[in-house]
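Following: one structure in structure tokens, then a few remarks.
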Amino acid sequence: MSGISNVVIVFKPDKFMVLKEVLKKLGILGMTVTHAEGCGLQGGRVEHYRGAEIEVDLLPKTKVEIVVPDEKVEEVIKAAKKVLKTGKMGDGKIFVFEVGRVVRISNETEGLLALDIKK
Amino acid sequence: MDFVAQLTEENAYMFNSLWVFCAAVFVFFMQAGFACCESGFARSKNACNIWLKNFCDFCIGALVYYFIGFGLMYGEDWHGIIGINGFINPLNQDLAVWDGLGLSKEIYLLFQTMFCATTATIISGSVAERFKFKSYLIVSCIMTGFIYPVVGHWIWGGGWLSDLGFADFAGSTAVHSVGAYAAFMGALMVGARKGKYKDGKVNAIPGHNIPMGILGVFILWLGWYGFNPGSELALDEVTFYTAITTTYAACAGGLAGLFVSWIKYKKPDPTLAGNGALCGLVGICTGVASVSTTGAIVIGAICGTAIVFSIDIVDRILKVDDPVGAISVHGCGGILGTLLAGLLSVEDGLLYGNGTSYFIAQVIGVFAVGAFAITATGIMYTILKKTIGIRVTEEEELNGLDLEEHGMVAYPDNLK
């Protein structure tokens with residue numbers, strides 16, 4: 001195993017700036033951000049567009065992917081929960097995946113050296 | 001004091017020409033308003049197509065009107081039905097319409113051209129997202145070269161409706177209703193967009209850029225300051241008065257659309273509020289110079305209220321798919337405005353105790369123009385449908401007309 005994990009956090013878009021701040025404090029400088037849409041327990045709602053009913057079931061979300069050494073994962077989860085939790089449905093989810101291999105393209109370093117983490 | 005009477009003939013000629021030129025430019029800009037409105041309320045995959053249709057119907061309309069339409073509309077009257085001279089180059093011909101005009105005949109032609117193109121461009125909204133581009137170009141030719149000029153002749157060219165006492169100051173019927181009937185027949189015959197009606201249920205297909213749609217409403221409203229006050233074809237007290245009635249009708253219509261949609265659908269819908277203002281503007285066209293300011297507010301409010309129900313009826317009961325509400329804005333506003341002027345005109349309206357003759361003339365006008373426009377456009381679309389076709393293929397519709405008909409997309413996001 002490479003000892004590296006991909007932490008995927010899906011959450012409400014308005015929380016992005018605070019999450020980024022708190023990750024920076026942990027020394028995590030690299031991330032990949034996707035503007036996403038999603039649904040879950042929170043469910044949809046019925047609105048009207050020009051009089052016709054329309055079910056809005058996909059809500060806007062932000063997806064942040066952070067690739068970190070395994071030992072940092074708990075820290076990241078704890079920090080993310082702290083800033084993202086309101087206790088209501090729709091706060092989002094965190095997924096953790098093992099990463100097989102990491103390559104930095106610019107200087108061809110691999111593994112832990114290729115991560116954008118400040119020690 | 002009557003300043004206009006103190007102007008020399010030369011001065012009045014220059015003022016009138018200058019003002020009507022400006023008004024014509026305002027009306028020209030309405031093409032951009034239509035394009036914003038229609039593309040904003042449609043999906044992004046058809047945005048280029050809608051803009052190009054609005055662009056082309058003007059280019060085609062202006063030339064066709066110059067060669068054919070103007071003569072049919074303002075040429076020498078033939079039994080009150082059509083004009084029969086002034087074709088090819090009306091400016092160099094000795095036409096009755098040029099006598100005692102009071103402004104430059106080039107500017108007069110320009111202003112009439114803008115009106116003609118406005119009628120044609122109404123259609124692109126209701127048939128948006130599925131009407132074949134080349135067939136649309138032919139529709140533009142027929143609208144500007146025949147259908148609009150014939151009705152225009154009846155109403156403004158000395159034809160039978162004007163002889164009857166029918167009056168339509170700025171075109172609730174002559175421009176907007178005619179455009180709406182053509183838009184209705186077009187949307188009816190081309191059929192609904194794929195996915196709009198499923199198992200008898202109406203599915204909303206939201207527009208891709210509501211702010212652009214509302215910007216279109218603002219631009220159209222701005223253009224209306226040329227459309228209505230310009231229709232005086234001179235710069236005088238009536239011109240100034242119509243600027244005020246135009247404004248109040250639009251405001252009342254906008255608020256009516258806002259509050260009625262708010263009550264009916266629980267939330268104020270910006271697109272319906274915008275449609276309400278436009279419907280008020282369409283409605284005031286006929287009575288803009290003849291109703292009181294209160295009358296203008298009443299007309300705007302009635303039109304703005306009616307349109308919310310009209311859109312619902314067209315969408316849910318008639319099952320005619322009109323993505324932007326063009327049929328309701330121009331049809332509902334056009335018919336109501338024409339009739340309400342018959343009731344509310346201070347000098348000859350029914351409610352001011354002036355008898356029924358003007359109102360009856362308005363009713364006849366509404367039915368006559370409706371019957372002609374629906375029949376003529378029905379024949380036009382039927383012939384097109386049987387020959388080159390009016391609808392794109394299912395695959396073209398799914399992929400979007402931008403990509404399939406024009407080979408491009410409006411908002412490429414992979415080319416940064």
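Chain lettering (A, B, ...) mirrors the order of the structure tokens, residue numbering begins at 1 for each chain separately, and ligand numbering begins at 1 in order of display.
Excluding Lys12 of chain A and any residue on its chain fewer than 4 positions from it, the residues at most 9 Å away by only C-alpha atoms are Phe16, Leu59, Pro60, Lys61, Thr62, Lys63, Leu84, Gly90, Asp91 and Gly92 of chain A.
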What are the closest atom pairs, with distances in Å to one decimal, for each residue of chain A lying within 10 Å of chain B, using only C-alpha atoms, rows by chain and rising residue number, as a tab-separated table?
```
residue	atom	partner	partner_atom	distance
A:Glu47	CA	B:Tyr265	CA	8.4
A:His48	CA	B:Tyr265	CA	6.5
A:Tyr49	CA	B:Ala204	CA	6.2
A:Arg50	CA	B:Leu272	CA	6.3
A:Gly51	CA	B:Asp312	CA	6.3
A:Ala52	CA	B:Ala204	CA	5.3
A:Glu53	CA	B:Ala204	CA	6.4
A:Ile54	CA	B:Ala204	CA	5.8
A:Glu55	CA	B:Ala204	CA	9.1
```
Task: For Ala371 of chain B, the nearest of the candidates B:Ala12, B:Cys116, B:Val178, B:Cys22, counting only C-alpha atoms - done: B:Val178
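Atom pair atom CA of Gly61 of chain B / atom CA of Ile284 of chain B: separated by 24.8 Å.
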- [ ] Might you pull out every residue within 12 Å of segment 154-161 of chain B, with only C-alpha atoms counted and same-chain residues fewer than 6 positions away left off, and present them as a PyMOL selection string?
- [x] chain B and resi 69-84+95-97+112+147-148+167-175+178+231+286+358+360-369+372
Take the residues just selected and output them with C-alpha atoms as a PDB file, in the first residue's frame.
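Output file result35.pdb is given in full below:
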```pdb
ATOM      1  CA  GLY B  69     -44.558  44.508 -48.016  1.00  0.00           C
ATOM      2  CA  PHE B  70     -44.598  48.288 -48.007  1.00  0.00           C
ATOM      3  CA  GLY B  71     -46.459  48.413 -51.312  1.00  0.00           C
ATOM      4  CA  LEU B  72     -49.055  45.919 -50.116  1.00  0.00           C
ATOM      5  CA  MET B  73     -49.511  47.907 -46.941  1.00  0.00           C
ATOM      6  CA  TYR B  74     -49.320  51.541 -48.055  1.00  0.00           C
ATOM      7  CA  GLY B  75     -49.768  51.358 -51.823  1.00  0.00           C
ATOM      8  CA  GLU B  76     -52.889  52.559 -53.614  1.00  0.00           C
ATOM      9  CA  ASP B  77     -55.901  50.944 -51.977  1.00  0.00           C
ATOM     10  CA  TRP B  78     -57.706  48.140 -53.831  1.00  0.00           C
ATOM     11  CA  HIS B  79     -61.216  47.604 -52.426  1.00  0.00           C
ATOM     12  CA  GLY B  80     -59.963  48.112 -48.906  1.00  0.00           C
ATOM     13  CA  ILE B  81     -58.116  44.798 -48.992  1.00  0.00           C
ATOM     14  CA  ILE B  82     -54.569  45.440 -50.176  1.00  0.00           C
ATOM     15  CA  GLY B  83     -52.290  48.085 -51.608  1.00  0.00           C
ATOM     16  CA  ILE B  84     -51.389  47.591 -55.255  1.00  0.00           C
ATOM     17  CA  LEU B  95     -47.296  57.355 -53.721  1.00  0.00           C
ATOM     18  CA  ALA B  96     -50.275  58.879 -51.947  1.00  0.00           C
ATOM     19  CA  VAL B  97     -48.724  57.966 -48.608  1.00  0.00           C
ATOM     20  CA  GLN B 112     -42.611  50.908 -40.634  1.00  0.00           C
ATOM     21  CA  ILE B 147     -49.416  38.508 -43.760  1.00  0.00           C
ATOM     22  CA  TYR B 148     -48.327  41.573 -41.776  1.00  0.00           C
ATOM     23  CA  ALA B 167     -58.405  52.223 -34.552  1.00  0.00           C
ATOM     24  CA  ASP B 168     -55.136  50.761 -33.317  1.00  0.00           C
ATOM     25  CA  PHE B 169     -52.640  53.484 -32.450  1.00  0.00           C
ATOM     26  CA  ALA B 170     -49.450  51.462 -32.059  1.00  0.00           C
ATOM     27  CA  GLY B 171     -50.436  47.970 -33.064  1.00  0.00           C
ATOM     28  CA  SER B 172     -51.928  45.796 -30.305  1.00  0.00           C
ATOM     29  CA  THR B 173     -53.712  44.026 -33.141  1.00  0.00           C
ATOM     30  CA  ALA B 174     -51.741  45.024 -36.237  1.00  0.00           C
ATOM     31  CA  VAL B 175     -48.398  43.910 -34.830  1.00  0.00           C
ATOM     32  CA  VAL B 178     -50.825  39.029 -35.804  1.00  0.00           C
ATOM     33  CA  SER B 231     -46.301  55.710 -33.560  1.00  0.00           C
ATOM     34  CA  THR B 286     -54.008  50.541 -29.032  1.00  0.00           C
ATOM     35  CA  TYR B 358     -65.987  52.243 -31.651  1.00  0.00           C
ATOM     36  CA  ILE B 360     -68.028  47.180 -32.035  1.00  0.00           C
ATOM     37  CA  ALA B 361     -65.445  48.179 -34.652  1.00  0.00           C
ATOM     38  CA  GLN B 362     -62.725  46.907 -32.299  1.00  0.00           C
ATOM     39  CA  VAL B 363     -64.552  43.591 -31.808  1.00  0.00           C
ATOM     40  CA  ILE B 364     -64.925  43.148 -35.564  1.00  0.00           C
ATOM     41  CA  GLY B 365     -61.251  43.988 -36.029  1.00  0.00           C
ATOM     42  CA  VAL B 366     -60.149  41.405 -33.483  1.00  0.00           C
ATOM     43  CA  PHE B 367     -62.211  38.652 -35.130  1.00  0.00           C
ATOM     44  CA  ALA B 368     -61.375  39.611 -38.709  1.00  0.00           C
ATOM     45  CA  VAL B 369     -57.633  39.843 -38.107  1.00  0.00           C
ATOM     46  CA  PHE B 372     -57.243  35.963 -41.496  1.00  0.00           C
TER      47      PHE B 372
END
```
Open item on the list: Please return, as a PyMOL selection string, all residues of segment 163-339 of chain B that DSSP assigns to helix (DSSP H, G or I) on the basis of the backbone.
Closed with: chain B and resi 163+172-190+210-230+237-265+270-287+293-317+326-339
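Interatomic distance, atom CA of Gly230 of chain B against atom CA of Thr118 of chain B: 14.2 Å.
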Open item on the list: Could you check the closest approach to Cys303 of chain B for each of B:Thr387, B:Ser290, B:Ser328, B:Thr246 and tell me which residue wins, using only C-alpha atoms?
Closed with: B:Ser328
TODO: Taking the DSSP assignment computed from this structure's backbone, write out as a PyMOL selection string all residues of chain A that belong to strand (DSSP E).
DONE: chain A and resi 4-11+32-38+45-49+52-56+59-69+92-98
TODO: Would you list the contacts of Ile66 of chain A as a PyMOL selection string, taking every protein, DNA or RNA residue within 7 Å and counting only C-alpha atoms, but skipping same-chain residues closer than 4 positions in sequence?
DONE: chain A and resi 6-8+30-32
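Here atom CA of Phe227 of chain B is placed at a distance of 10.5 Å from atom CA of Phe29 of chain B.
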Open item on the list: Nearest residue to Phe21 of chain B out of B:Val151, B:Met212, B:Val298, B:Leu110, using only C-alpha atoms?
Closed with: B:Leu110
Open item on the list: as a VMD selection string, please: the residues near Val103 of chain A (cut-off 10 Å, only C-alpha atoms, same-chain neighbours under 3 positions excluded).
Closed with: chain A and resid 106 to 115
